[in-house]
file query_15.cif (mmCIF, C-alpha atoms and all ligand atoms)
data_model
#
loop_
_atom_site.label_atom_id
_atom_site.label_comp_id
_atom_site.auth_asym_id
_atom_site.auth_seq_id
_atom_site.Cartn_x
_atom_site.Cartn_y
_atom_site.Cartn_z
CA MET N 173 -69.30 -27.69 110.68
CA THR N 174 -68.26 -30.81 112.57
CA ALA N 175 -69.23 -30.58 116.25
CA ILE N 176 -66.66 -32.10 118.61
CA GLY N 177 -67.65 -33.23 122.13
CA ILE N 178 -64.80 -33.17 124.65
CA LEU N 179 -64.62 -35.81 127.41
CA GLY N 180 -62.26 -34.35 130.00
CA SER N 181 -62.90 -30.78 128.86
CA ALA N 182 -61.49 -28.96 131.91
CA GLY N 183 -58.26 -30.95 131.87
CA LYS N 184 -54.96 -29.87 130.35
CA MET N 185 -55.66 -31.61 127.03
CA GLY N 186 -59.37 -30.74 127.03
CA GLN N 187 -58.58 -27.05 127.28
CA ALA N 188 -55.82 -27.24 124.68
CA ILE N 189 -58.20 -29.00 122.27
CA ALA N 190 -60.99 -26.47 122.79
CA GLY N 191 -58.47 -23.77 121.97
CA VAL N 192 -57.69 -25.07 118.45
CA VAL N 193 -61.02 -26.52 117.24
CA ALA N 194 -62.19 -23.33 115.49
CA ASP N 195 -58.79 -22.78 113.82
CA LEU N 196 -59.03 -26.23 112.26
CA GLY N 197 -62.58 -25.73 110.98
CA GLY N 198 -64.66 -27.49 113.65
CA THR N 199 -66.88 -26.36 116.46
CA VAL N 200 -67.10 -27.43 120.11
CA ALA N 201 -70.37 -29.27 120.82
CA GLY N 202 -69.69 -29.13 124.55
CA GLY N 203 -67.63 -30.87 127.18
CA ILE N 204 -67.87 -32.80 130.42
CA ASP N 205 -65.67 -33.78 133.33
CA ALA N 206 -66.22 -36.11 136.30
CA GLY N 207 -69.95 -36.31 137.07
CA GLY N 208 -71.03 -35.08 133.61
CA ASP N 209 -73.46 -36.94 131.32
CA PRO N 210 -71.58 -38.58 128.41
CA HIS N 211 -74.87 -39.62 126.71
CA ALA N 212 -76.13 -36.06 126.42
CA LEU N 213 -72.73 -34.92 125.12
CA ALA N 214 -72.53 -37.78 122.60
CA ALA N 215 -76.05 -37.03 121.33
CA ALA N 216 -75.04 -33.40 120.71
CA SER N 217 -71.75 -34.28 118.96
CA ASP N 218 -70.68 -35.47 115.50
CA VAL N 219 -67.56 -36.97 117.08
CA LEU N 220 -66.19 -37.37 120.61
CA VAL N 221 -62.62 -36.92 121.85
CA ASP N 222 -61.74 -38.62 125.14
CA PHE N 223 -58.76 -37.26 127.10
CA SER N 224 -60.01 -38.06 130.57
CA THR N 225 -59.21 -41.09 132.72
CA PRO N 226 -59.34 -44.89 132.25
CA GLY N 227 -62.14 -45.12 134.82
CA ALA N 228 -64.39 -43.09 132.53
CA LEU N 229 -63.81 -45.21 129.44
CA ALA N 230 -66.62 -47.77 129.83
CA ALA N 231 -69.32 -45.10 130.25
CA ASN N 232 -67.86 -42.96 127.47
CA LEU N 233 -67.81 -45.90 125.03
CA ALA N 234 -71.35 -46.92 126.03
CA ALA N 235 -72.58 -43.40 125.27
CA ALA N 236 -70.77 -43.37 121.93
CA ARG N 237 -72.25 -46.76 120.98
CA ASP N 238 -75.79 -45.83 122.05
CA THR N 239 -75.73 -42.69 119.93
CA GLY N 240 -73.61 -44.05 117.05
CA THR N 241 -71.01 -41.33 117.60
CA PRO N 242 -67.41 -41.89 116.41
CA ILE N 243 -64.84 -41.53 119.19
CA LEU N 244 -61.13 -40.72 119.41
CA ILE N 245 -59.63 -42.15 122.60
CA GLY N 246 -56.41 -40.44 123.68
CA THR N 247 -56.59 -41.41 127.35
CA THR N 248 -53.60 -43.49 128.45
CA GLY N 249 -53.06 -45.93 131.31
CA LEU N 250 -55.54 -48.32 129.72
CA ALA N 251 -55.58 -51.94 130.98
CA PRO N 252 -56.14 -54.96 128.70
CA SER N 253 -59.80 -54.96 129.81
CA HIS N 254 -60.17 -51.37 128.53
CA LEU N 255 -58.60 -52.32 125.21
CA ALA N 256 -61.12 -55.17 124.92
CA LEU N 257 -63.94 -52.62 125.35
CA VAL N 258 -62.37 -50.50 122.61
CA ARG N 259 -62.23 -53.49 120.25
CA ASP N 260 -65.88 -54.36 120.98
CA ALA N 261 -66.98 -50.77 120.31
CA ALA N 262 -65.19 -50.74 116.94
CA ALA N 263 -67.64 -53.38 115.70
CA GLU N 264 -70.44 -50.78 116.02
CA ILE N 265 -68.87 -47.33 115.66
CA ALA N 266 -65.75 -45.66 114.29
CA VAL N 267 -63.01 -45.74 116.95
CA LEU N 268 -59.45 -44.44 116.98
CA GLN N 269 -57.45 -45.29 120.11
CA THR N 270 -53.85 -44.15 120.39
CA GLY N 271 -51.31 -43.21 123.04
CA ASN N 272 -50.06 -40.33 120.93
CA VAL N 273 -51.81 -38.15 118.33
CA SER N 274 -48.74 -36.25 117.10
CA LEU N 275 -47.37 -36.51 113.57
CA GLY N 276 -43.84 -36.97 114.90
CA VAL N 277 -44.62 -39.98 117.06
CA THR N 278 -46.80 -41.54 114.37
CA LEU N 279 -43.77 -41.45 112.05
CA LEU N 280 -41.40 -42.52 114.84
CA ALA N 281 -43.42 -45.69 115.42
CA LYS N 282 -42.89 -46.67 111.77
CA LEU N 283 -39.15 -45.98 112.03
CA VAL N 284 -38.88 -47.99 115.25
CA GLN N 285 -40.62 -50.98 113.69
CA GLU N 286 -38.29 -50.88 110.70
CA ALA N 287 -35.17 -50.44 112.84
CA ALA N 288 -36.17 -53.34 115.10
CA GLU N 289 -36.70 -55.54 112.08
CA ARG N 290 -33.51 -54.58 110.25
CA LEU N 291 -31.13 -54.51 113.23
CA GLY N 292 -32.03 -57.97 114.46
CA PRO N 293 -32.05 -59.65 117.87
CA GLU N 294 -28.46 -58.91 118.94
CA TRP N 295 -29.48 -55.25 119.25
CA ASP N 296 -31.14 -54.73 122.64
CA ILE N 297 -34.14 -52.36 122.69
CA GLU N 298 -34.72 -49.90 125.54
CA ILE N 299 -37.35 -47.13 125.69
CA LEU N 300 -36.94 -44.09 127.94
CA GLU N 301 -39.71 -41.53 128.52
CA MET N 302 -40.01 -38.33 130.55
CA HIS N 303 -43.17 -36.41 131.41
CA HIS N 304 -44.38 -33.60 133.67
CA ARG N 305 -44.86 -34.12 137.40
CA HIS N 306 -48.68 -34.41 137.10
CA LYS N 307 -48.72 -37.52 134.91
CA VAL N 308 -50.42 -40.43 136.69
CA ASP N 309 -49.63 -43.44 134.47
CA ALA N 310 -46.38 -45.21 133.55
CA PRO N 311 -44.99 -46.29 131.20
CA SER N 312 -46.56 -43.59 129.02
CA GLY N 313 -49.04 -44.58 126.34
CA THR N 314 -46.46 -43.47 123.78
CA ALA N 315 -43.73 -45.68 125.26
CA LEU N 316 -46.15 -48.58 125.05
CA LEU N 317 -47.08 -47.89 121.43
CA LEU N 318 -43.39 -47.56 120.51
CA GLY N 319 -42.78 -50.82 122.36
CA GLU N 320 -45.55 -52.48 120.35
CA ALA N 321 -43.94 -51.19 117.15
CA ALA N 322 -40.54 -52.54 118.21
CA ALA N 323 -42.07 -55.87 119.18
CA ALA N 324 -43.86 -56.10 115.83
CA GLY N 325 -40.51 -55.51 114.10
CA ARG N 326 -39.12 -58.45 116.07
CA GLY N 327 -42.11 -60.67 115.27
CA THR N 328 -43.36 -60.73 118.86
CA THR N 329 -45.73 -58.77 121.12
CA LEU N 330 -44.98 -56.26 123.84
CA ALA N 331 -46.86 -58.45 126.30
CA GLU N 332 -44.23 -61.13 125.66
CA ALA N 333 -41.16 -58.88 125.62
CA LYS N 334 -41.78 -55.99 128.06
CA VAL N 335 -39.60 -55.39 131.14
CA ALA N 336 -40.74 -52.20 132.88
CA ASP N 337 -39.97 -52.84 136.53
CA ARG N 338 -36.21 -53.21 137.04
CA ALA N 339 -35.06 -52.70 140.62
CA GLY N 340 -32.76 -54.55 142.99
CA LEU N 341 -30.82 -57.66 141.98
CA THR N 342 -32.35 -58.02 138.53
CA GLY N 343 -29.82 -60.37 136.97
CA ALA N 344 -28.39 -59.79 133.50
CA ARG N 345 -30.56 -58.58 130.65
CA SER N 346 -32.58 -61.33 128.95
CA GLU N 347 -32.16 -61.44 125.17
CA GLY N 348 -35.20 -60.30 123.23
CA THR N 349 -36.70 -58.20 126.01
CA ILE N 350 -37.84 -54.61 125.47
CA GLY N 351 -36.92 -52.50 128.48
CA MET N 352 -38.80 -49.39 129.59
CA ALA N 353 -37.95 -46.63 132.06
CA SER N 354 -39.99 -43.61 133.13
CA MET N 355 -38.94 -40.23 134.53
CA ARG N 356 -41.32 -37.63 135.96
CA GLY N 357 -40.63 -33.97 136.66
CA GLY N 358 -41.39 -30.35 135.96
CA SER N 359 -43.45 -29.40 132.95
CA VAL N 360 -42.05 -31.77 130.30
CA ALA N 361 -44.77 -32.21 127.65
CA GLY N 362 -43.46 -35.61 126.53
CA ASP N 363 -39.98 -36.93 125.61
CA HIS N 364 -39.39 -40.41 124.19
CA LEU N 365 -36.10 -42.08 123.25
CA VAL N 366 -35.78 -45.54 121.72
CA VAL N 367 -32.29 -47.01 122.07
CA PHE N 368 -31.00 -49.94 120.02
CA ALA N 369 -27.80 -51.11 121.75
CA SER N 370 -25.33 -53.61 120.35
CA GLU N 371 -21.71 -54.50 121.21
CA GLY N 372 -19.78 -51.29 120.55
CA GLU N 373 -22.52 -49.10 119.04
CA ARG N 374 -25.97 -47.65 119.62
CA VAL N 375 -28.74 -46.28 117.41
CA GLU N 376 -31.01 -43.77 119.17
CA ILE N 377 -34.20 -42.32 117.71
CA GLY N 378 -36.70 -40.21 119.57
CA HIS N 379 -39.23 -37.42 119.79
CA ARG N 380 -39.64 -34.36 121.98
CA ALA N 381 -42.99 -32.62 122.38
CA GLU N 382 -42.25 -28.97 123.16
CA ASN N 383 -45.83 -28.25 124.23
CA ARG N 384 -49.36 -29.68 124.24
CA ALA N 385 -50.37 -27.76 121.11
CA ILE N 386 -49.08 -30.59 118.90
CA PHE N 387 -51.37 -33.04 120.69
CA ALA N 388 -54.34 -30.69 120.52
CA ARG N 389 -53.93 -30.17 116.78
CA GLY N 390 -53.40 -33.89 116.22
CA ALA N 391 -56.51 -34.73 118.22
CA VAL N 392 -58.73 -32.27 116.36
CA THR N 393 -57.32 -33.31 112.96
CA ALA N 394 -58.08 -36.94 113.82
CA ALA N 395 -61.56 -36.12 115.15
CA LEU N 396 -62.53 -34.19 112.01
CA TRP N 397 -61.23 -37.11 109.90
CA LEU N 398 -63.12 -39.67 112.03
CA ALA N 399 -66.50 -37.93 111.94
CA GLY N 400 -68.85 -39.72 109.55
CA LYS N 401 -66.59 -42.79 109.15
CA PRO N 402 -68.23 -46.24 109.24
CA ALA N 403 -67.69 -48.63 112.15
CA GLY N 404 -64.14 -49.86 112.50
CA SER N 405 -60.80 -49.40 114.18
CA TYR N 406 -58.69 -46.59 112.73
CA SER N 407 -55.11 -45.39 113.30
CA MET N 408 -53.21 -42.10 113.34
CA ALA N 409 -51.09 -43.45 110.45
CA GLU N 410 -54.29 -43.53 108.35
CA VAL N 411 -55.31 -40.04 109.47
CA LEU N 412 -51.91 -38.51 108.72
CA GLY N 413 -51.02 -40.67 105.72
CA VAL N 414 -47.59 -41.73 107.03
N1 LIG G 501 -52.96 -39.67 123.16
C1 LIG G 501 -52.26 -38.52 123.26
O1 LIG G 501 -51.65 -38.03 122.30
C2 LIG G 501 -52.26 -37.81 124.57
C3 LIG G 501 -52.84 -38.41 125.64
N2 LIG G 501 -52.90 -37.76 126.83
C4 LIG G 501 -53.65 -38.44 127.88
O2 LIG G 501 -54.89 -37.78 128.06
C5 LIG G 501 -55.32 -37.97 129.40
C6 LIG G 501 -55.65 -36.63 130.01
O3 LIG G 501 -54.48 -35.87 130.14
P1 LIG G 501 -54.50 -34.41 130.81
O4 LIG G 501 -55.45 -33.53 130.11
O5 LIG G 501 -53.08 -34.03 130.93
O6 LIG G 501 -55.08 -34.78 132.27
P2 LIG G 501 -55.90 -33.87 133.26
O7 LIG G 501 -55.84 -34.55 134.59
O8 LIG G 501 -55.43 -32.45 133.17
O9 LIG G 501 -57.40 -33.92 132.70
C7 LIG G 501 -58.25 -35.02 132.83
C8 LIG G 501 -59.67 -34.51 132.85
O10 LIG G 501 -60.55 -35.62 132.81
C9 LIG G 501 -61.63 -35.33 133.66
N3 LIG G 501 -62.38 -36.48 134.08
C10 LIG G 501 -62.24 -37.26 135.20
N4 LIG G 501 -63.21 -38.19 135.24
C11 LIG G 501 -63.99 -37.99 134.15
C12 LIG G 501 -65.15 -38.63 133.68
N5 LIG G 501 -65.71 -39.65 134.32
N6 LIG G 501 -65.69 -38.16 132.52
C13 LIG G 501 -65.13 -37.13 131.86
N7 LIG G 501 -64.04 -36.46 132.29
C14 LIG G 501 -63.47 -36.90 133.43
C15 LIG G 501 -60.98 -34.61 134.83
O11 LIG G 501 -61.98 -33.92 135.52
P3 LIG G 501 -61.95 -33.75 137.11
O12 LIG G 501 -60.81 -32.82 137.37
O13 LIG G 501 -63.31 -33.20 137.40
O14 LIG G 501 -61.70 -35.12 137.70
C16 LIG G 501 -60.00 -33.70 134.11
O15 LIG G 501 -60.60 -32.48 133.72
C17 LIG G 501 -54.19 -38.73 130.11
O16 LIG G 501 -54.48 -40.10 130.11
C18 LIG G 501 -52.98 -38.44 129.22
O17 LIG G 501 -51.98 -39.40 129.33
C19 LIG G 501 -52.36 -36.53 127.00
C20 LIG G 501 -51.74 -35.91 125.97
C21 LIG G 501 -51.64 -36.48 124.66
O1 LIG G 502 -49.94 -37.32 129.98
C1 LIG G 502 -49.39 -36.66 129.06
O2 LIG G 502 -49.11 -35.47 129.18
C2 LIG G 502 -49.09 -37.35 127.81
N1 LIG G 502 -49.57 -38.56 127.63
C3 LIG G 502 -49.42 -39.37 126.48
C4 LIG G 502 -48.64 -40.61 126.83
O3 LIG G 502 -48.92 -41.22 127.88
O4 LIG G 502 -47.77 -41.01 126.07
C5 LIG G 502 -48.92 -38.62 125.29
C6 LIG G 502 -47.93 -37.54 125.58
O5 LIG G 502 -46.67 -38.08 125.74
C7 LIG G 502 -48.36 -36.65 126.73
#
call {"tool": "encode", "arguments": {"input": "query_15.cif", "output": "structure tokens"}}
result
Amino acid sequence: MTAIGILGSAGKMGQAIAGVVADLGGTVAGGIDAGGDPHALAAASDVLVDFSTPGALAANLAAARDTGTPILIGTTGLAPSHLALVRDAAAEIAVLQTGNVSLGVTLLAKLVQEAAERLGPEWDIEILEMHHRHKVDAPSGTALLLGEAAAAGRGTTLAEAKVADRAGLTGARSEGTIGMASMRGGSVAGDHLVVFASEGERVEIGHRAENRAIFARGAVTAALWLAGKPAGSYSMAEVLGV
């Protein structure tokens, strides 16, 4: 049976993942939180899942590389420097980094890319997300991946198009930008809405996570798929076949 090591095991996602591993045919190799030894965990695991914090990423990737252990990175709030570490690691080990491991969002990203491409530049793109009061990063990793999908559909990058900090006298909307807004409150597991707005009409497509179980199942499904894969960068679309 595939042994899954959990980085961030006492956290909300870590606990949810541990709860579904056996149902999906894996076993838990162990888990660590702040102060734990990622090398020892990686050595005992066939695959790692990381749902911890951006500050832990460098040590977690180093442990995965040293031991040749594939790793699924679900942690969000990653800076460009973290993403560069992820790309470097993929030259040596199997890596899957994503802001959302659910089937619904994986499909939504495809739909957003197609809508952005087909609707054209006179349709403004705005992304709205809401999460529970404990979330520490914004915009959410999912909003960013949906923004990347929309940008790809428009033949640009999110780095070029993103506007995520409107406040005060902002001036009128600049054509071609992709706006983002974040709400925080209560126990919301994760809501995302992508709005395409034109003169006189709007297209809205979105996703609502009703609980963390969808993320836990997605993470374990991806981890079991990733175990034993050769070095490279993999995606949830490949895991789920959408
Ligand atoms: N990609 C996806 O589909 C999803 C991604 N996420 C993301 O996963 C991450 C975790 O979310 P959530 O479980 O809600 O957060 P929590 O705050 O509940 O859990 C984070 C855990 O990480 C631990 N941690 C802190 N530092 C380290 C370290 N150096 N090594 C290992 N573990 C460490 C914390 O331990 P301690 O308390 O000791 O500091 C804590 O147990 C977030 O970035 C979130 O956005 C969440 C859901 C789905
Ligand atoms: O922190 C969370 O809870 C979630 N984080 C991910 C994100 O930032 O998009 C995925 C999901 O929305 C839940």
call {"tool": "closest_residue", "arguments": {"input": "query_15.cif", "among": "N:Ser407, N:Pro252, N:Ile265, N:Val221", "to": "Ala234 (chain N)", "atoms": "only C-alpha atoms"}}
result
N:Ile265
call {"tool": "residues_near_point", "arguments": {"input": "query_15.cif", "point": "(-73.2, -39.3, 129.2)", "cutoff": "8 Å", "atoms": "all atoms listed in the file", "output": "list in words"}}
result
Gly208, Asp209, Pro210, His211, Ala212, Leu213, Ala214, Ala231, Asn232 and Ala235 of chain N
call {"tool": "residues_near_ligand", "arguments": {"input": "query_15.cif", "ligand": "ligand LIG 502 (chain G)", "cutoff": "9 Å", "atoms": "only C-alpha atoms and all ligand atoms", "output": "PyMOL selection string"}}
result
chain N and resi 184-185+246-249+270-274+301-304+306-317+360-364+380-381+384+387
call {"tool": "write_last_selection", "arguments": {"input": "query_15.cif", "atoms": "C-alpha atoms", "output": "short mmCIF file (atom, residue, chain, number, x, y, z; two decimals), keeping the file's coordinate frame"}}
result
data_model
loop_
_atom_site.label_atom_id
_atom_site.label_comp_id
_atom_site.auth_asym_id
_atom_site.auth_seq_id
_atom_site.Cartn_x
_atom_site.Cartn_y
_atom_site.Cartn_z
CA LYS N 184 -54.96 -29.87 130.35
CA MET N 185 -55.66 -31.61 127.03
CA GLY N 246 -56.41 -40.44 123.68
CA THR N 247 -56.59 -41.41 127.35
CA THR N 248 -53.60 -43.49 128.45
CA GLY N 249 -53.06 -45.93 131.31
CA THR N 270 -53.85 -44.15 120.39
CA GLY N 271 -51.31 -43.21 123.04
CA ASN N 272 -50.06 -40.33 120.93
CA VAL N 273 -51.81 -38.15 118.33
CA SER N 274 -48.74 -36.25 117.10
CA GLU N 301 -39.71 -41.53 128.52
CA MET N 302 -40.01 -38.33 130.55
CA HIS N 303 -43.17 -36.41 131.41
CA HIS N 304 -44.38 -33.60 133.67
CA HIS N 306 -48.68 -34.41 137.10
CA LYS N 307 -48.72 -37.52 134.91
CA VAL N 308 -50.42 -40.43 136.69
CA ASP N 309 -49.63 -43.44 134.47
CA ALA N 310 -46.38 -45.21 133.55
CA PRO N 311 -44.99 -46.29 131.20
CA SER N 312 -46.56 -43.59 129.02
CA GLY N 313 -49.04 -44.58 126.34
CA THR N 314 -46.46 -43.47 123.78
CA ALA N 315 -43.73 -45.68 125.26
CA LEU N 316 -46.15 -48.58 125.05
CA LEU N 317 -47.08 -47.89 121.43
CA VAL N 360 -42.05 -31.77 130.30
CA ALA N 361 -44.77 -32.21 127.65
CA GLY N 362 -43.46 -35.61 126.53
CA ASP N 363 -39.98 -36.93 125.61
CA HIS N 364 -39.39 -40.41 124.19
CA ARG N 380 -39.64 -34.36 121.98
CA ALA N 381 -42.99 -32.62 122.38
CA ARG N 384 -49.36 -29.68 124.24
CA PHE N 387 -51.37 -33.04 120.69
#
call {"tool": "residues_around", "arguments": {"input": "query_15.cif", "residues": "region 369-376 of chain N", "least_positions_apart": "2", "cutoff": "10 Å", "atoms": "all atoms listed in the file", "output": "ChimeraX atom specification"}}
result
/N:284,287,291-299,365-367,378
call {"tool": "closest_residue", "arguments": {"input": "query_15.cif", "among": "N:Val219, N:Val414, N:Leu268, N:Leu257", "to": "ligand LIG 501 (chain G)", "atoms": "all atoms listed in the file"}}
result
N:Leu268
call {"tool": "closest_residue", "arguments": {"input": "query_15.cif", "among": "N:Pro226, N:Gly197, N:Gly240, N:Gly177", "to": "ligand LIG 501 (chain G)", "atoms": "only C-alpha atoms and all ligand atoms"}}
result
N:Pro226
call {"tool": "build_atoms", "arguments": {"input": "query_15.cif", "residues": "region 225-253 of chain N", "atoms": "N, CA and C atoms", "output": "JSON list (two decimals), in the frame of the given file"}}
result
[["chain", "number", "residue", "atom", "x", "y", "z"],
["N", 225, "THR", "N", -59.83, -40.14, 131.79],
["N", 225, "THR", "CA", -59.21, -41.09, 132.72],
["N", 225, "THR", "C", -59.72, -42.49, 132.39],
["N", 226, "PRO", "N", -58.89, -43.54, 132.60],
["N", 226, "PRO", "CA", -59.34, -44.89, 132.25],
["N", 226, "PRO", "C", -60.67, -45.27, 132.90],
["N", 227, "GLY", "N", -60.90, -44.79, 134.11],
["N", 227, "GLY", "CA", -62.14, -45.12, 134.82],
["N", 227, "GLY", "C", -63.39, -44.62, 134.13],
["N", 228, "ALA", "N", -63.23, -43.65, 133.24],
["N", 228, "ALA", "CA", -64.39, -43.09, 132.53],
["N", 228, "ALA", "C", -64.67, -43.81, 131.21],
["N", 229, "LEU", "N", -63.73, -44.68, 130.81],
["N", 229, "LEU", "CA", -63.81, -45.21, 129.44],
["N", 229, "LEU", "C", -65.08, -46.02, 129.16],
["N", 230, "ALA", "N", -65.47, -46.89, 130.09],
["N", 230, "ALA", "CA", -66.62, -47.77, 129.83],
["N", 230, "ALA", "C", -67.88, -46.93, 129.58],
["N", 231, "ALA", "N", -68.12, -45.94, 130.41],
["N", 231, "ALA", "CA", -69.32, -45.10, 130.25],
["N", 231, "ALA", "C", -69.23, -44.26, 128.98],
["N", 232, "ASN", "N", -68.02, -43.78, 128.68],
["N", 232, "ASN", "CA", -67.86, -42.96, 127.47],
["N", 232, "ASN", "C", -68.11, -43.80, 126.21],
["N", 233, "LEU", "N", -67.59, -45.03, 126.19],
["N", 233, "LEU", "CA", -67.81, -45.90, 125.03],
["N", 233, "LEU", "C", -69.28, -46.30, 124.92],
["N", 234, "ALA", "N", -69.93, -46.56, 126.06],
["N", 234, "ALA", "CA", -71.35, -46.92, 126.03],
["N", 234, "ALA", "C", -72.17, -45.79, 125.43],
["N", 235, "ALA", "N", -71.85, -44.56, 125.81],
["N", 235, "ALA", "CA", -72.58, -43.40, 125.27],
["N", 235, "ALA", "C", -72.34, -43.27, 123.77],
["N", 236, "ALA", "N", -71.09, -43.47, 123.36],
["N", 236, "ALA", "CA", -70.77, -43.37, 121.93],
["N", 236, "ALA", "C", -71.51, -44.45, 121.14],
["N", 237, "ARG", "N", -71.57, -45.66, 121.68],
["N", 237, "ARG", "CA", -72.25, -46.76, 120.98],
["N", 237, "ARG", "C", -73.75, -46.49, 120.91],
["N", 238, "ASP", "N", -74.34, -46.06, 122.01],
["N", 238, "ASP", "CA", -75.79, -45.83, 122.05],
["N", 238, "ASP", "C", -76.22, -44.79, 121.03],
["N", 239, "THR", "N", -75.36, -43.80, 120.81],
["N", 239, "THR", "CA", -75.73, -42.69, 119.93],
["N", 239, "THR", "C", -75.09, -42.82, 118.55],
["N", 240, "GLY", "N", -74.26, -43.86, 118.35],
["N", 240, "GLY", "CA", -73.61, -44.05, 117.05],
["N", 240, "GLY", "C", -72.58, -42.97, 116.74],
["N", 241, "THR", "N", -71.95, -42.44, 117.78],
["N", 241, "THR", "CA", -71.01, -41.33, 117.60],
["N", 241, "THR", "C", -69.57, -41.83, 117.54],
["N", 242, "PRO", "N", -68.83, -41.51, 116.47],
["N", 242, "PRO", "CA", -67.41, -41.89, 116.41],
["N", 242, "PRO", "C", -66.65, -41.31, 117.60],
["N", 243, "ILE", "N", -65.59, -42.00, 118.01],
["N", 243, "ILE", "CA", -64.84, -41.53, 119.19],
["N", 243, "ILE", "C", -63.34, -41.73, 119.01],
["N", 244, "LEU", "N", -62.59, -40.67, 119.32],
["N", 244, "LEU", "CA", -61.13, -40.72, 119.41],
["N", 244, "LEU", "C", -60.78, -40.87, 120.88],
["N", 245, "ILE", "N", -60.02, -41.91, 121.21],
["N", 245, "ILE", "CA", -59.63, -42.15, 122.60],
["N", 245, "ILE", "C", -58.13, -41.87, 122.73],
["N", 246, "GLY", "N", -57.81, -40.78, 123.44],
["N", 246, "GLY", "CA", -56.41, -40.44, 123.68],
["N", 246, "GLY", "C", -55.96, -40.74, 125.10],
["N", 247, "THR", "N", -56.91, -41.09, 125.95],
["N", 247, "THR", "CA", -56.59, -41.41, 127.35],
["N", 247, "THR", "C", -55.58, -42.55, 127.41],
["N", 248, "THR", "N", -54.59, -42.42, 128.29],
["N", 248, "THR", "CA", -53.60, -43.49, 128.45],
["N", 248, "THR", "C", -53.76, -44.16, 129.82],
["N", 249, "GLY", "N", -52.92, -45.16, 130.07],
["N", 249, "GLY", "CA", -53.06, -45.93, 131.31],
["N", 249, "GLY", "C", -54.14, -46.99, 131.18],
["N", 250, "LEU", "N", -54.47, -47.35, 129.95],
["N", 250, "LEU", "CA", -55.54, -48.32, 129.72],
["N", 250, "LEU", "C", -55.04, -49.75, 130.01],
["N", 251, "ALA", "N", -55.88, -50.53, 130.69],
["N", 251, "ALA", "CA", -55.58, -51.94, 130.98],
["N", 251, "ALA", "C", -56.08, -52.81, 129.82],
["N", 252, "PRO", "N", -55.63, -54.08, 129.76],
["N", 252, "PRO", "CA", -56.14, -54.96, 128.70],
["N", 252, "PRO", "C", -57.67, -55.00, 128.65],
["N", 253, "SER", "N", -58.33, -54.93, 129.80],
["N", 253, "SER", "CA", -59.80, -54.96, 129.81],
["N", 253, "SER", "C", -60.38, -53.72, 129.11]]
